[in-house]
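A.B. asks: Got a file for you: protein-v1.txt, compact mmCIF, C-alpha atoms and all ligand atoms.
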```
# COMPACT_ATOMS: atom_id res chain seq x y z
CA MET A 191 83.22 113.47 122.60
CA THR A 192 84.84 110.07 123.24
CA THR A 193 83.18 108.47 120.22
CA PRO A 194 85.26 108.23 117.06
CA PHE A 195 84.76 110.55 114.11
CA TRP A 196 83.94 107.58 111.85
CA PRO A 197 80.31 106.48 111.45
CA ARG A 198 79.34 103.08 112.79
CA PRO A 199 78.59 100.63 109.92
CA PRO A 200 74.86 101.17 109.25
CA GLU A 201 73.61 97.56 109.37
CA ARG A 202 72.94 95.69 112.62
CA TYR A 203 73.64 91.97 112.97
CA PRO A 204 72.15 90.85 116.28
CA GLY A 205 72.80 87.16 116.86
CA ARG A 206 73.82 84.37 119.19
CA LEU A 207 76.65 81.88 119.41
CA PRO A 208 75.88 78.98 117.01
CA ASP A 209 75.75 75.45 118.50
CA ARG A 210 78.14 74.24 115.81
CA ALA A 211 80.41 75.90 113.25
CA ASP A 212 82.98 74.62 110.78
CA VAL A 213 85.00 77.76 111.43
CA LEU A 214 84.28 80.30 114.17
CA VAL A 215 85.94 83.69 113.75
CA ILE A 216 86.14 85.83 116.91
CA GLY A 217 86.32 89.60 116.36
CA GLY A 218 84.48 91.94 113.99
CA GLY A 219 87.21 94.31 112.86
CA ILE A 220 89.06 94.44 109.54
CA THR A 221 90.73 91.08 110.29
CA GLY A 222 87.50 89.25 111.10
CA VAL A 223 85.63 90.45 108.03
CA SER A 224 88.67 89.81 105.80
CA LEU A 225 88.78 86.24 107.12
CA LEU A 226 85.07 85.81 106.32
CA HIS A 227 85.75 87.08 102.81
CA HIS A 228 88.61 84.62 102.14
CA LEU A 229 86.84 81.68 103.82
CA GLY A 230 83.73 82.40 101.73
CA LYS A 231 85.80 82.37 98.55
CA GLN A 232 87.04 78.89 99.48
CA GLY A 233 83.45 77.73 100.05
CA ILE A 234 84.10 77.25 103.78
CA ASP A 235 81.15 77.88 106.14
CA ALA A 236 82.16 80.32 108.84
CA VAL A 237 80.45 82.37 111.52
CA LEU A 238 81.94 85.59 112.93
CA VAL A 239 81.05 86.70 116.45
CA GLU A 240 81.72 90.20 117.77
CA ARG A 241 81.13 91.24 121.38
CA ASN A 242 80.07 94.81 120.61
CA HIS A 243 79.32 95.95 117.09
CA LEU A 244 81.40 95.67 113.93
CA ALA A 245 84.38 98.07 113.91
CA SER A 246 83.95 98.89 117.60
CA GLY A 247 87.63 98.03 118.17
CA ALA A 248 90.66 99.64 116.54
CA SER A 249 89.15 99.17 113.06
CA GLY A 250 86.60 101.90 113.73
CA ARG A 251 89.01 104.14 115.66
CA ASN A 252 92.04 104.51 113.44
CA ALA A 253 93.26 107.14 111.01
CA GLY A 254 92.35 105.15 107.91
CA PHE A 255 95.80 105.43 106.31
CA LEU A 256 96.61 102.69 103.81
CA LEU A 257 100.39 102.82 103.86
CA ALA A 258 102.99 100.51 102.41
CA GLY A 259 105.24 98.83 104.94
CA VAL A 260 105.61 98.93 108.70
CA ALA A 261 105.71 101.96 111.03
CA ASP A 262 109.48 102.22 110.64
CA CYS A 263 110.77 103.78 107.42
CA TYR A 264 112.24 101.53 104.71
CA ALA A 265 115.87 102.09 105.76
CA GLU A 266 115.06 101.06 109.34
CA ALA A 267 112.99 98.11 108.15
CA VAL A 268 115.97 96.94 106.04
CA ARG A 269 118.20 97.13 109.16
CA ILE A 270 115.66 95.21 111.28
CA PHE A 271 114.38 92.57 108.85
CA GLY A 272 117.06 92.44 106.14
CA ARG A 273 116.75 93.75 102.59
CA SER A 274 114.79 90.97 100.97
CA ARG A 275 112.32 90.57 103.87
CA ALA A 276 111.71 94.33 103.97
CA ARG A 277 111.10 94.30 100.22
CA ASP A 278 108.61 91.43 100.62
CA ILE A 279 106.78 93.26 103.41
CA TRP A 280 106.45 96.37 101.23
CA HIS A 281 105.17 94.28 98.31
CA MET A 282 102.70 92.47 100.55
CA THR A 283 101.25 95.67 101.98
CA MET A 284 100.95 97.22 98.52
CA GLU A 285 99.06 94.12 97.40
CA ASN A 286 96.94 94.45 100.53
CA HIS A 287 95.91 97.94 99.44
CA VAL A 288 94.96 96.93 95.91
CA GLU A 289 93.23 93.62 96.73
CA GLU A 290 91.34 94.95 99.76
CA ILE A 291 89.83 97.80 97.74
CA GLU A 292 89.10 95.55 94.78
CA ALA A 293 87.27 93.08 97.05
CA VAL A 294 84.62 95.68 97.97
CA LYS A 295 84.48 97.40 94.58
CA GLY A 296 81.34 99.47 94.04
CA GLN A 297 80.75 100.16 97.75
CA GLU A 298 81.29 103.59 99.34
CA ILE A 299 84.31 103.31 101.63
CA GLY A 300 85.89 106.76 101.29
CA HIS A 301 88.86 105.41 99.37
CA ARG A 302 91.30 107.91 97.85
CA ARG A 303 94.72 107.11 96.49
CA LEU A 304 96.54 110.44 96.49
CA GLY A 305 99.78 109.12 97.99
CA SER A 306 101.17 109.79 101.46
CA ILE A 307 103.86 112.05 102.87
CA THR A 308 106.41 111.16 105.51
CA LEU A 309 107.70 114.41 106.93
CA ALA A 310 111.16 114.60 108.52
CA SER A 311 110.88 115.97 112.07
CA GLY A 312 114.61 116.80 112.19
CA GLU A 313 118.06 115.92 110.92
CA LYS A 314 118.04 112.30 112.14
CA GLU A 315 114.72 111.45 110.49
CA ALA A 316 115.74 113.34 107.31
CA LEU A 317 118.86 111.14 107.01
CA GLN A 318 116.76 107.98 107.46
CA LEU A 319 114.19 109.14 104.91
CA ALA A 320 116.87 110.09 102.37
CA GLU A 321 118.38 106.63 102.76
CA SER A 322 114.89 105.09 102.50
CA ALA A 323 114.23 106.94 99.24
CA GLN A 324 117.48 105.61 97.82
CA LEU A 325 116.75 102.02 98.88
CA LEU A 326 113.10 102.17 97.77
CA SER A 327 114.12 103.35 94.30
CA GLU A 328 116.80 100.65 94.01
CA ASP A 329 114.16 98.07 94.95
CA GLY A 330 111.73 99.30 92.31
CA PHE A 331 109.28 101.26 94.50
CA ASP A 332 108.05 104.64 93.31
CA CYS A 333 108.86 107.52 95.69
CA ASP A 334 110.04 111.12 95.78
CA TRP A 335 112.37 112.77 98.31
CA ASP A 336 112.66 116.58 98.36
CA GLY A 337 115.01 116.92 101.34
CA ARG A 338 112.16 117.15 103.87
CA ARG A 339 109.25 115.08 102.59
CA LEU A 340 109.21 111.53 101.30
CA THR A 341 106.20 111.03 99.03
CA ASN A 342 104.84 107.52 98.44
CA PRO A 343 102.48 107.96 95.49
CA SER A 344 100.76 104.58 95.80
CA ASP A 345 99.53 105.05 99.39
CA GLY A 346 95.96 106.06 100.20
CA GLU A 347 93.20 106.43 102.74
CA VAL A 348 89.76 105.01 103.57
CA THR A 349 86.90 105.49 106.00
CA PRO A 350 87.86 102.44 108.06
CA SER A 351 84.46 101.65 109.61
CA LEU A 352 82.80 101.76 106.19
CA LEU A 353 85.40 99.35 104.84
CA VAL A 354 84.55 96.85 107.59
CA GLY A 355 80.82 97.39 106.96
CA ALA A 356 81.30 96.81 103.22
CA PHE A 357 82.91 93.40 103.80
CA ALA A 358 80.18 92.38 106.25
CA ARG A 359 77.47 93.32 103.75
CA GLN A 360 79.01 90.91 101.25
CA ALA A 361 79.25 88.01 103.72
CA ALA A 362 76.85 85.05 103.68
CA ARG A 363 73.50 85.70 105.40
CA GLY A 364 73.62 84.89 109.11
CA SER A 365 77.42 84.65 109.20
CA VAL A 366 77.96 87.88 111.17
CA ARG A 367 76.68 88.00 114.74
CA GLU A 368 77.08 91.06 116.95
CA GLY A 369 76.70 91.17 120.72
CA VAL A 370 78.32 87.77 121.37
CA GLU A 371 81.23 87.88 123.82
CA VAL A 372 83.38 84.76 123.86
CA THR A 373 84.48 84.00 127.42
CA ALA A 374 86.44 80.74 127.02
CA ILE A 375 88.07 78.52 124.38
CA GLU A 376 88.85 74.91 125.36
CA PRO A 377 89.66 71.60 123.69
CA GLY A 378 86.49 69.54 123.12
CA GLY A 379 87.19 65.99 121.93
CA GLY A 380 88.63 66.85 118.50
CA ASP A 381 86.58 70.05 118.19
CA VAL A 382 87.15 73.37 119.91
CA LEU A 383 84.64 74.22 122.62
CA VAL A 384 83.78 77.92 122.70
CA ARG A 385 81.71 79.52 125.45
CA ALA A 386 79.80 82.80 125.50
CA ASP A 387 77.63 83.55 128.55
CA ASP A 388 75.53 80.39 128.97
CA ALA A 389 75.89 79.24 125.33
CA GLU A 390 78.36 76.71 123.93
CA CYS A 391 79.64 76.14 120.39
CA ARG A 392 81.51 73.12 119.01
CA ALA A 393 83.73 74.50 116.26
CA GLY A 394 85.94 72.54 113.88
CA CYS A 395 88.36 75.44 113.98
CA VAL A 396 88.55 78.81 115.73
CA ILE A 397 90.36 81.90 114.42
CA LEU A 398 91.07 84.75 116.79
CA ALA A 399 90.75 88.10 115.03
CA THR A 400 90.90 89.91 118.34
CA ASN A 401 94.17 91.82 117.79
CA ALA A 402 95.09 93.78 120.97
CA TYR A 403 92.35 92.05 122.98
CA THR A 404 93.71 88.53 122.34
CA PRO A 405 95.48 88.20 125.75
CA GLN A 406 92.13 88.86 127.48
CA LEU A 407 91.07 85.44 126.14
CA LEU A 408 94.46 83.73 125.84
CA PRO A 409 96.93 85.39 128.23
CA GLN A 410 99.83 83.32 126.83
CA VAL A 411 99.72 85.12 123.45
CA PRO A 412 102.55 87.71 123.37
CA ILE A 413 100.64 90.77 122.16
CA THR A 414 100.87 94.03 124.10
CA PRO A 415 97.94 96.48 124.09
CA ARG A 416 98.91 100.09 123.47
CA ARG A 417 96.59 103.08 123.37
CA ALA A 418 96.54 105.55 120.47
CA GLN A 419 94.55 108.79 120.52
CA MET A 420 93.02 111.05 117.90
CA LEU A 421 90.86 114.12 117.46
CA ALA A 422 88.82 115.65 114.64
CA SER A 423 87.90 119.25 113.96
CA GLU A 424 84.99 121.02 112.32
CA PRO A 425 85.36 121.34 108.54
CA GLU A 426 87.96 123.91 107.47
CA ARG A 427 87.46 125.80 104.22
CA ALA A 428 91.15 125.95 103.40
CA THR A 429 93.19 122.94 102.34
CA LEU A 430 95.59 122.40 105.24
CA CYS A 431 96.86 118.99 104.26
CA GLU A 432 96.64 117.36 100.84
CA GLN A 433 97.78 113.83 101.65
CA PRO A 434 97.78 111.58 104.71
CA THR A 435 100.92 112.71 106.55
CA TYR A 436 103.13 110.73 108.87
CA SER A 437 105.99 112.19 110.95
CA ASN A 438 108.26 111.78 114.00
CA PHE A 439 109.18 108.19 113.14
CA GLY A 440 105.50 107.23 112.75
CA TYR A 441 104.38 108.62 116.09
CA ARG A 442 102.42 111.55 114.65
CA TYR A 443 99.92 111.63 111.80
CA TRP A 444 97.22 113.80 110.30
CA ARG A 445 94.89 114.02 107.31
CA GLN A 446 92.12 116.25 106.00
CA MET A 447 88.83 114.85 104.78
CA PRO A 448 87.47 115.91 101.36
CA THR A 449 84.71 117.61 103.42
CA GLY A 450 87.32 119.72 105.27
CA GLU A 451 87.55 118.11 108.73
CA VAL A 452 91.12 117.72 109.99
CA LEU A 453 92.10 114.57 111.91
CA VAL A 454 95.23 114.47 114.06
CA GLY A 455 96.55 111.42 115.89
CA GLY A 456 99.50 109.95 117.73
CA TRP A 457 101.92 111.60 120.18
CA ARG A 458 102.15 108.31 122.11
CA ASP A 459 105.88 108.99 122.36
CA ALA A 460 105.06 111.99 124.60
CA ALA A 461 103.80 109.64 127.36
CA TYR A 462 104.83 106.02 126.72
CA GLU A 463 104.12 105.04 130.31
CA THR A 464 100.42 106.04 130.24
CA GLU A 465 99.61 104.79 126.71
CA VAL A 466 99.39 101.08 127.55
CA GLY A 467 96.52 98.74 128.43
CA TYR A 468 92.84 98.62 127.54
CA ASP A 469 91.51 101.95 128.79
CA GLU A 470 90.02 103.59 125.67
CA ARG A 471 89.49 107.02 127.19
CA PRO A 472 91.48 109.93 125.75
CA THR A 473 93.77 111.79 128.15
CA ALA A 474 94.13 115.54 128.58
CA ALA A 475 97.93 115.39 128.17
CA ILE A 476 97.95 113.70 124.74
CA GLN A 477 94.88 115.60 123.56
CA ALA A 478 96.66 118.88 124.33
CA HIS A 479 99.49 117.85 121.97
CA LEU A 480 97.00 116.85 119.26
CA GLU A 481 95.13 120.13 119.59
CA ALA A 482 98.34 122.19 119.52
CA HIS A 483 99.23 120.48 116.24
CA LEU A 484 95.75 121.08 114.84
CA ARG A 485 96.28 124.82 115.46
CA HIS A 486 99.81 124.63 114.06
CA LEU A 487 98.32 123.25 110.82
CA GLY A 488 96.10 126.34 110.68
CA ALA A 489 92.74 124.89 111.74
CA ASP A 490 90.76 127.28 113.93
CA GLY A 491 87.37 125.47 114.20
CA GLU A 492 86.10 123.55 117.22
CA VAL A 493 87.32 120.08 118.08
CA THR A 494 84.26 117.87 117.52
CA HIS A 495 85.63 114.41 118.42
CA ARG A 496 88.30 113.09 120.74
CA TRP A 497 88.83 109.36 121.01
CA ALA A 498 91.28 106.52 121.64
CA GLY A 499 91.70 102.93 120.50
CA THR A 500 93.85 99.94 121.37
CA MET A 501 96.58 98.62 119.08
CA GLY A 502 98.27 95.21 119.44
CA PHE A 503 102.09 95.14 119.42
CA THR A 504 104.35 92.12 118.93
CA GLU A 505 107.99 91.60 119.80
CA SER A 506 109.08 91.07 116.19
CA GLY A 507 107.14 94.07 114.89
CA LEU A 508 105.21 91.79 112.51
CA PRO A 509 101.76 90.15 112.86
CA LEU A 510 101.27 86.69 114.38
CA VAL A 511 99.53 84.60 111.72
CA GLY A 512 99.14 80.86 112.33
CA PRO A 513 98.32 78.23 114.93
CA VAL A 514 98.21 79.05 118.64
CA ASP A 515 100.85 76.97 120.46
CA GLY A 516 99.41 74.06 122.40
CA MET A 517 95.80 74.60 121.22
CA ALA A 518 94.71 72.22 118.46
CA ASN A 519 92.61 73.86 115.72
CA VAL A 520 92.93 77.34 117.22
CA TYR A 521 94.54 80.00 115.01
CA LEU A 522 95.54 83.62 115.37
CA CYS A 523 95.63 86.53 112.93
CA ALA A 524 96.64 89.56 114.98
CA GLY A 525 99.35 91.90 116.22
CA TYR A 526 99.67 94.57 113.54
CA ASN A 527 101.77 97.08 115.47
CA GLY A 528 99.49 99.96 114.52
CA HIS A 529 99.24 99.09 110.80
CA GLY A 530 96.36 96.62 110.56
CA MET A 531 94.52 98.44 107.78
CA GLY A 532 97.62 97.85 105.65
CA PHE A 533 98.23 94.25 106.74
CA ALA A 534 95.03 92.48 107.78
CA PHE A 535 93.51 91.59 104.41
CA MET A 536 96.64 89.79 103.17
CA SER A 537 97.37 88.28 106.59
CA ALA A 538 93.86 86.79 106.57
CA LYS A 539 94.41 85.53 103.02
CA GLN A 540 97.67 83.83 104.04
CA LEU A 541 96.05 82.17 107.05
CA VAL A 542 93.08 80.86 105.07
CA ALA A 543 95.43 79.50 102.39
CA ALA A 544 97.47 77.73 105.09
CA LEU A 545 94.33 76.19 106.63
C1 LIG A 601 94.11 105.72 116.92
C2 LIG A 601 94.56 104.63 115.99
C3 LIG A 601 95.05 104.97 114.73
C4 LIG A 601 95.44 103.98 113.85
N1 LIG A 601 95.74 104.34 112.57
C5 LIG A 601 95.96 103.38 111.65
C6 LIG A 601 96.13 103.71 110.27
O1 LIG A 601 96.00 104.87 109.88
N2 LIG A 601 96.42 102.72 109.40
C7 LIG A 601 96.54 101.41 109.80
O2 LIG A 601 96.86 100.55 108.97
N3 LIG A 601 96.31 101.06 111.08
C8 LIG A 601 96.01 102.00 112.00
N4 LIG A 601 95.77 101.65 113.30
C9 LIG A 601 95.80 100.22 113.65
C10 LIG A 601 94.55 99.50 113.14
O3 LIG A 601 93.40 100.19 113.57
C11 LIG A 601 94.53 98.07 113.68
O4 LIG A 601 95.77 97.43 113.40
C12 LIG A 601 93.43 97.25 113.03
O5 LIG A 601 92.20 97.95 113.10
C13 LIG A 601 93.30 95.89 113.71
O6 LIG A 601 92.14 95.29 113.21
P1 LIG A 601 91.59 93.97 113.87
O7 LIG A 601 90.35 93.61 113.16
O8 LIG A 601 92.67 92.96 113.91
O9 LIG A 601 91.31 94.37 115.39
P2 LIG A 601 90.12 95.24 116.00
O10 LIG A 601 89.59 96.20 115.02
O11 LIG A 601 90.57 95.77 117.31
O12 LIG A 601 88.97 94.17 116.21
C14 LIG A 601 88.99 93.20 117.21
C15 LIG A 601 87.55 92.95 117.59
O13 LIG A 601 87.50 91.81 118.44
C16 LIG A 601 86.40 92.02 119.32
N5 LIG A 601 86.59 91.13 120.46
C17 LIG A 601 87.62 91.15 121.33
N6 LIG A 601 87.48 90.18 122.26
C18 LIG A 601 86.31 89.54 121.96
C19 LIG A 601 85.62 88.44 122.56
N7 LIG A 601 86.08 87.85 123.65
N8 LIG A 601 84.45 88.03 121.99
C20 LIG A 601 83.98 88.63 120.87
N9 LIG A 601 84.60 89.69 120.28
C21 LIG A 601 85.75 90.13 120.82
C22 LIG A 601 86.52 93.50 119.69
O14 LIG A 601 85.31 94.01 120.19
C23 LIG A 601 86.93 94.10 118.36
O15 LIG A 601 85.82 94.61 117.62
C24 LIG A 601 95.41 102.61 114.24
C25 LIG A 601 94.93 102.27 115.50
C26 LIG A 601 94.49 103.25 116.37
C27 LIG A 601 93.95 102.86 117.71
```
Could you write out this structure as structure tokens?
Ligand SMILES: Cc1cc2nc3c(=O)[nH]c(=O)nc-3n(C[C@H](O)[C@H](O)[C@H](O)COP(=O)(O)OP(=O)(O)OC[C@H]3O[C@@H](n4cnc5c(N)ncnc54)[C@H](O)[C@@H]3O)c2cc1C
C.D. replies:
Amino acid sequence: MTTPFWPRPPERYPGRLPDRADVLVIGGGITGVSLLHHLGKQGIDAVLVERNHLASGASGRNAGFLLAGVADCYAEAVRIFGRSRARDIWHMTMENHVEEIEAVKGQEIGHRRLGSITLASGEKEALQLAESAQLLSEDGFDCDWDGRRLTNPSDGEVTPSLLVGAFARQAARGSVREGVEVTAIEPGGGDVLVRADDAECRAGCVILATNAYTPQLLPQVPITPRRAQMLASEPERATLCEQPTYSNFGYRYWRQMPTGEVLVGGWRDAAYETEVGYDERPTAAIQAHLEAHLRHLGADGEVTHRWAGTMGFTESGLPLVGPVDGMANVYLCAGYNGHGMGFAFMSAKQLVAAL
């Protein structure tokens, strides 16, 4: 019951820490495999190590929404980041959607682009969404506001674990290695010295694609781990939800698979104090909220899966992409504030370009 609804990527990549690597990527989620993709395109030799299996972190535990922007609506994002920065973020995430899907063209990743709905939970959210619709239209983004629902027609959804698996399948032979847990990263006479159990690797450069888990390796990195929970039901015959739906200021979300299963997630705002840290076990309190919403949507089948995952939050609300302070040749691509499927591919592209 505590395993995610999504299938584990089918291939296995057992391996060990290499003795040497031009670039060592740590973490086998959407960020790690996106980095491998962009590094490969530049002809750079890279090895990715993952302590469990690919997509065992948040990338195999999320809702699979590919949304434009950050968790806040456009009007809020404009207040926080300023108009032109908010516009750039929306453009970047829309490019992320298109380029990420294009990069694995021909592989089965459960991609659908039917748009998304942001549903106003009350008067306050309705006012913000109405303002967002106005600003989005002025800035050239397609959207529709009907007084309760903001529709973003270019959003979509994927099967997140299959997306990660698709990138790994395209990577150079031997470049993905599962079951390797990095325990230390140290300077090593011009190189970076990386340790895993009793093995050692001299890497020209190391990129941490460890999102929420980054402070477990480098406690100085300001990323906060926060738990998010989901459940999935048996297939329902009726259509209960046509598009990925987001509500309550991004705290609640649900979707229905083409095969009928209904997935509900979120409700972290119902218990902020418990939904922190690295414990990936679902709790009865949040699951009760998710199940109540499942019934509210009209689903009456059994709950087949309940699970949780860990998201990485940053102070600015935007990812940390670049060098790690005080550590030569060590870089970070992490901290997506619950929106990594919409950010990671382009963040990885930016980092590789900067390298
Ligand atoms: C319930 C839930 C719902 C979400 N819904 C959405 C959504 O609908 N849309 C969206 O855009 N985002 C969503 N997110 C957020 C999204 O899942 C993440 O932002 C994204 O998956 C981050 O990807 P990543 O590759 O950076 O990190 P992860 O997928 O967490 O991967 C990091 C990997 O690093 C590995 N690792 C860590 N430490 C080490 C080490 N020392 N040695 C080796 N390997 C190590 C871990 O095992 C892990 O596999 C959701 C998250 C959750 C939990």
A.B. asks: In terms of the shortest atom-to-atom distance over only C-alpha atoms, which of A:Leu317, A:Ile299, A:Val223, A:Ile375 is closest to A:Leu353?
C.D. replies: A:Ile299
A.B. asks: Throw together the list of residues within 6 Å of ligand LIG 601 (chain A), counting all atoms listed in the file, and drop it here as an mmCIF file with C-alpha atoms, keeping the file's coordinate frame.
C.D. replies:
```cif
data_model
loop_
_atom_site.group_PDB
_atom_site.id
_atom_site.type_symbol
_atom_site.label_atom_id
_atom_site.label_comp_id
_atom_site.auth_asym_id
_atom_site.auth_seq_id
_atom_site.Cartn_x
_atom_site.Cartn_y
_atom_site.Cartn_z
ATOM 1 C CA ILE A 216 86.140 85.830 116.910
ATOM 2 C CA GLY A 217 86.320 89.600 116.360
ATOM 3 C CA GLY A 218 84.480 91.940 113.990
ATOM 4 C CA GLY A 219 87.210 94.310 112.860
ATOM 5 C CA ILE A 220 89.060 94.440 109.540
ATOM 6 C CA THR A 221 90.730 91.080 110.290
ATOM 7 C CA GLY A 222 87.500 89.250 111.100
ATOM 8 C CA VAL A 239 81.050 86.700 116.450
ATOM 9 C CA GLU A 240 81.720 90.200 117.770
ATOM 10 C CA ARG A 241 81.130 91.240 121.380
ATOM 11 C CA ASN A 242 80.070 94.810 120.610
ATOM 12 C CA LEU A 244 81.400 95.670 113.930
ATOM 13 C CA ALA A 245 84.380 98.070 113.910
ATOM 14 C CA SER A 246 83.950 98.890 117.600
ATOM 15 C CA GLY A 247 87.630 98.030 118.170
ATOM 16 C CA ALA A 248 90.660 99.640 116.540
ATOM 17 C CA SER A 249 89.150 99.170 113.060
ATOM 18 C CA ARG A 251 89.010 104.140 115.660
ATOM 19 C CA ASN A 252 92.040 104.510 113.440
ATOM 20 C CA ALA A 253 93.260 107.140 111.010
ATOM 21 C CA GLY A 254 92.350 105.150 107.910
ATOM 22 C CA PHE A 255 95.800 105.430 106.310
ATOM 23 C CA LEU A 256 96.610 102.690 103.810
ATOM 24 C CA VAL A 370 78.320 87.770 121.370
ATOM 25 C CA GLU A 371 81.230 87.880 123.820
ATOM 26 C CA VAL A 372 83.380 84.760 123.860
ATOM 27 C CA THR A 373 84.480 84.000 127.420
ATOM 28 C CA ALA A 399 90.750 88.100 115.030
ATOM 29 C CA THR A 400 90.900 89.910 118.340
ATOM 30 C CA ASN A 401 94.170 91.820 117.790
ATOM 31 C CA TYR A 403 92.350 92.050 122.980
ATOM 32 C CA ALA A 418 96.540 105.550 120.470
ATOM 33 C CA GLN A 419 94.550 108.790 120.520
ATOM 34 C CA MET A 420 93.020 111.050 117.900
ATOM 35 C CA ALA A 498 91.280 106.520 121.640
ATOM 36 C CA GLY A 499 91.700 102.930 120.500
ATOM 37 C CA THR A 500 93.850 99.940 121.370
ATOM 38 C CA MET A 501 96.580 98.620 119.080
ATOM 39 C CA ALA A 524 96.640 89.560 114.980
ATOM 40 C CA TYR A 526 99.670 94.570 113.540
ATOM 41 C CA GLY A 528 99.490 99.960 114.520
ATOM 42 C CA HIS A 529 99.240 99.090 110.800
ATOM 43 C CA GLY A 530 96.360 96.620 110.560
ATOM 44 C CA MET A 531 94.520 98.440 107.780
ATOM 45 C CA GLY A 532 97.620 97.850 105.650
#
```
A.B. asks: Using only C-alpha atoms, can you tell me which of A:Ser306, A:Thr504, A:Ile234, A:Arg416 comes closest to A:Tyr462?
C.D. replies: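 Among A:Ser306, A:Thr504, A:Ile234, A:Arg416, it is A:Arg416 that comes nearest to A:Tyr462.
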A.B. asks: Quick one: pull the distance between atom CA of A:His301 and atom CA of A:Leu522, Å, one decimal.
C.D. replies: 27.8 Å
A.B. asks: Could you name the residues that touch A:Asp329 at 8 Å or less, counting only C-alpha atoms, but leaving out those on the same chain fewer than 3 positions away, as a ChimeraX atom specification?
C.D. replies: /A:277,325-326
A.B. asks: Could you pull out every residue with an atom within 10 Å of (77.6, 79.3, 124.0), file coordinates, counting only C-alpha atoms, and send them as a CSV table (one decimal) with C-alpha atoms, in the frame of the given file?
C.D. replies:
```csv
chain,number,residue,atom,x,y,z
A,206,ARG,CA,73.8,84.4,119.2
A,207,LEU,CA,76.6,81.9,119.4
A,208,PRO,CA,75.9,79.0,117.0
A,209,ASP,CA,75.8,75.4,118.5
A,210,ARG,CA,78.1,74.2,115.8
A,370,VAL,CA,78.3,87.8,121.4
A,371,GLU,CA,81.2,87.9,123.8
A,372,VAL,CA,83.4,84.8,123.9
A,373,THR,CA,84.5,84.0,127.4
A,374,ALA,CA,86.4,80.7,127.0
A,383,LEU,CA,84.6,74.2,122.6
A,384,VAL,CA,83.8,77.9,122.7
A,385,ARG,CA,81.7,79.5,125.4
A,386,ALA,CA,79.8,82.8,125.5
A,387,ASP,CA,77.6,83.6,128.6
A,388,ASP,CA,75.5,80.4,129.0
A,389,ALA,CA,75.9,79.2,125.3
A,390,GLU,CA,78.4,76.7,123.9
A,391,CYS,CA,79.6,76.1,120.4
A,392,ARG,CA,81.5,73.1,119.0
```
A.B. asks: Which residue, A:Ala316, A:Val396, A:Val542, A:Ala482, has the smallest gap to A:Leu229 when you use all atoms listed in the file?
C.D. replies: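 Of the candidates, the smallest distance to A:Leu229 is held by A:Val542.
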A.B. asks: Go through A:Leu510, A:Glu328, A:Gly364, A:Asp469 and flag the residue nearest A:Ala538, using only C-alpha atoms for the distances.
C.D. replies: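 Of A:Leu510, A:Glu328, A:Gly364, A:Asp469, the one nearest A:Ala538, counting only C-alpha atoms, is A:Leu510.
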A.B. asks: Of the candidates A:Val493, A:Met282, A:Ala362, A:Ala422, which shows the shortest atom-to-atom distance to A:Pro194, using only C-alpha atoms?
C.D. replies: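 When distances to A:Pro194 are compared using only C-alpha atoms, the smallest one comes from A:Ala422.
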A.B. asks: Just how far from atom CA of A:Val520 is atom CA of A:Ile397, in Å to one decimal?
C.D. replies: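 Here the two named atoms are 5.9 Å from each other.
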A.B. asks: Please reconstruct the missing atoms of stretch 275-284 of chain A (target: N, CA and C atoms) and return them as a PDB file, in the coordinates of the input.
C.D. replies:
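Writing done, so here's result-v4.pdb:
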```pdb
ATOM      1  N   ARG A 275     113.556  90.666 103.078  1.00  0.00           N
ATOM      2  CA  ARG A 275     112.320  90.570 103.870  1.00  0.00           C
ATOM      3  C   ARG A 275     111.585  91.913 103.852  1.00  0.00           C
ATOM      4  N   ALA A 276     112.347  92.994 103.987  1.00  0.00           N
ATOM      5  CA  ALA A 276     111.710  94.330 103.970  1.00  0.00           C
ATOM      6  C   ALA A 276     111.013  94.546 102.625  1.00  0.00           C
ATOM      7  N   ARG A 277     111.700  94.147 101.558  1.00  0.00           N
ATOM      8  CA  ARG A 277     111.100  94.300 100.220  1.00  0.00           C
ATOM      9  C   ARG A 277     109.798  93.494 100.125  1.00  0.00           C
ATOM     10  N   ASP A 278     109.819  92.275 100.652  1.00  0.00           N
ATOM     11  CA  ASP A 278     108.610  91.430 100.620  1.00  0.00           C
ATOM     12  C   ASP A 278     107.470  92.066 101.418  1.00  0.00           C
ATOM     13  N   ILE A 279     107.817  92.641 102.575  1.00  0.00           N
ATOM     14  CA  ILE A 279     106.780  93.260 103.410  1.00  0.00           C
ATOM     15  C   ILE A 279     106.144  94.437 102.645  1.00  0.00           C
ATOM     16  N   TRP A 280     106.988  95.226 101.997  1.00  0.00           N
ATOM     17  CA  TRP A 280     106.450  96.370 101.230  1.00  0.00           C
ATOM     18  C   TRP A 280     105.542  95.886 100.102  1.00  0.00           C
ATOM     19  N   HIS A 281     105.996  94.835  99.397  1.00  0.00           N
ATOM     20  CA  HIS A 281     105.170  94.280  98.310  1.00  0.00           C
ATOM     21  C   HIS A 281     103.848  93.787  98.857  1.00  0.00           C
ATOM     22  N   MET A 282     103.909  93.074  99.974  1.00  0.00           N
ATOM     23  CA  MET A 282     102.700  92.470 100.550  1.00  0.00           C
ATOM     24  C   MET A 282     101.702  93.554 100.938  1.00  0.00           C
ATOM     25  N   THR A 283     102.172  94.625 101.543  1.00  0.00           N
ATOM     26  CA  THR A 283     101.250  95.670 101.980  1.00  0.00           C
ATOM     27  C   THR A 283     100.700  96.459 100.786  1.00  0.00           C
ATOM     28  N   MET A 284     101.487  96.554  99.727  1.00  0.00           N
ATOM     29  CA  MET A 284     100.950  97.220  98.520  1.00  0.00           C
ATOM     30  C   MET A 284      99.887  96.352  97.871  1.00  0.00           C
TER      31      MET A 284
END
```
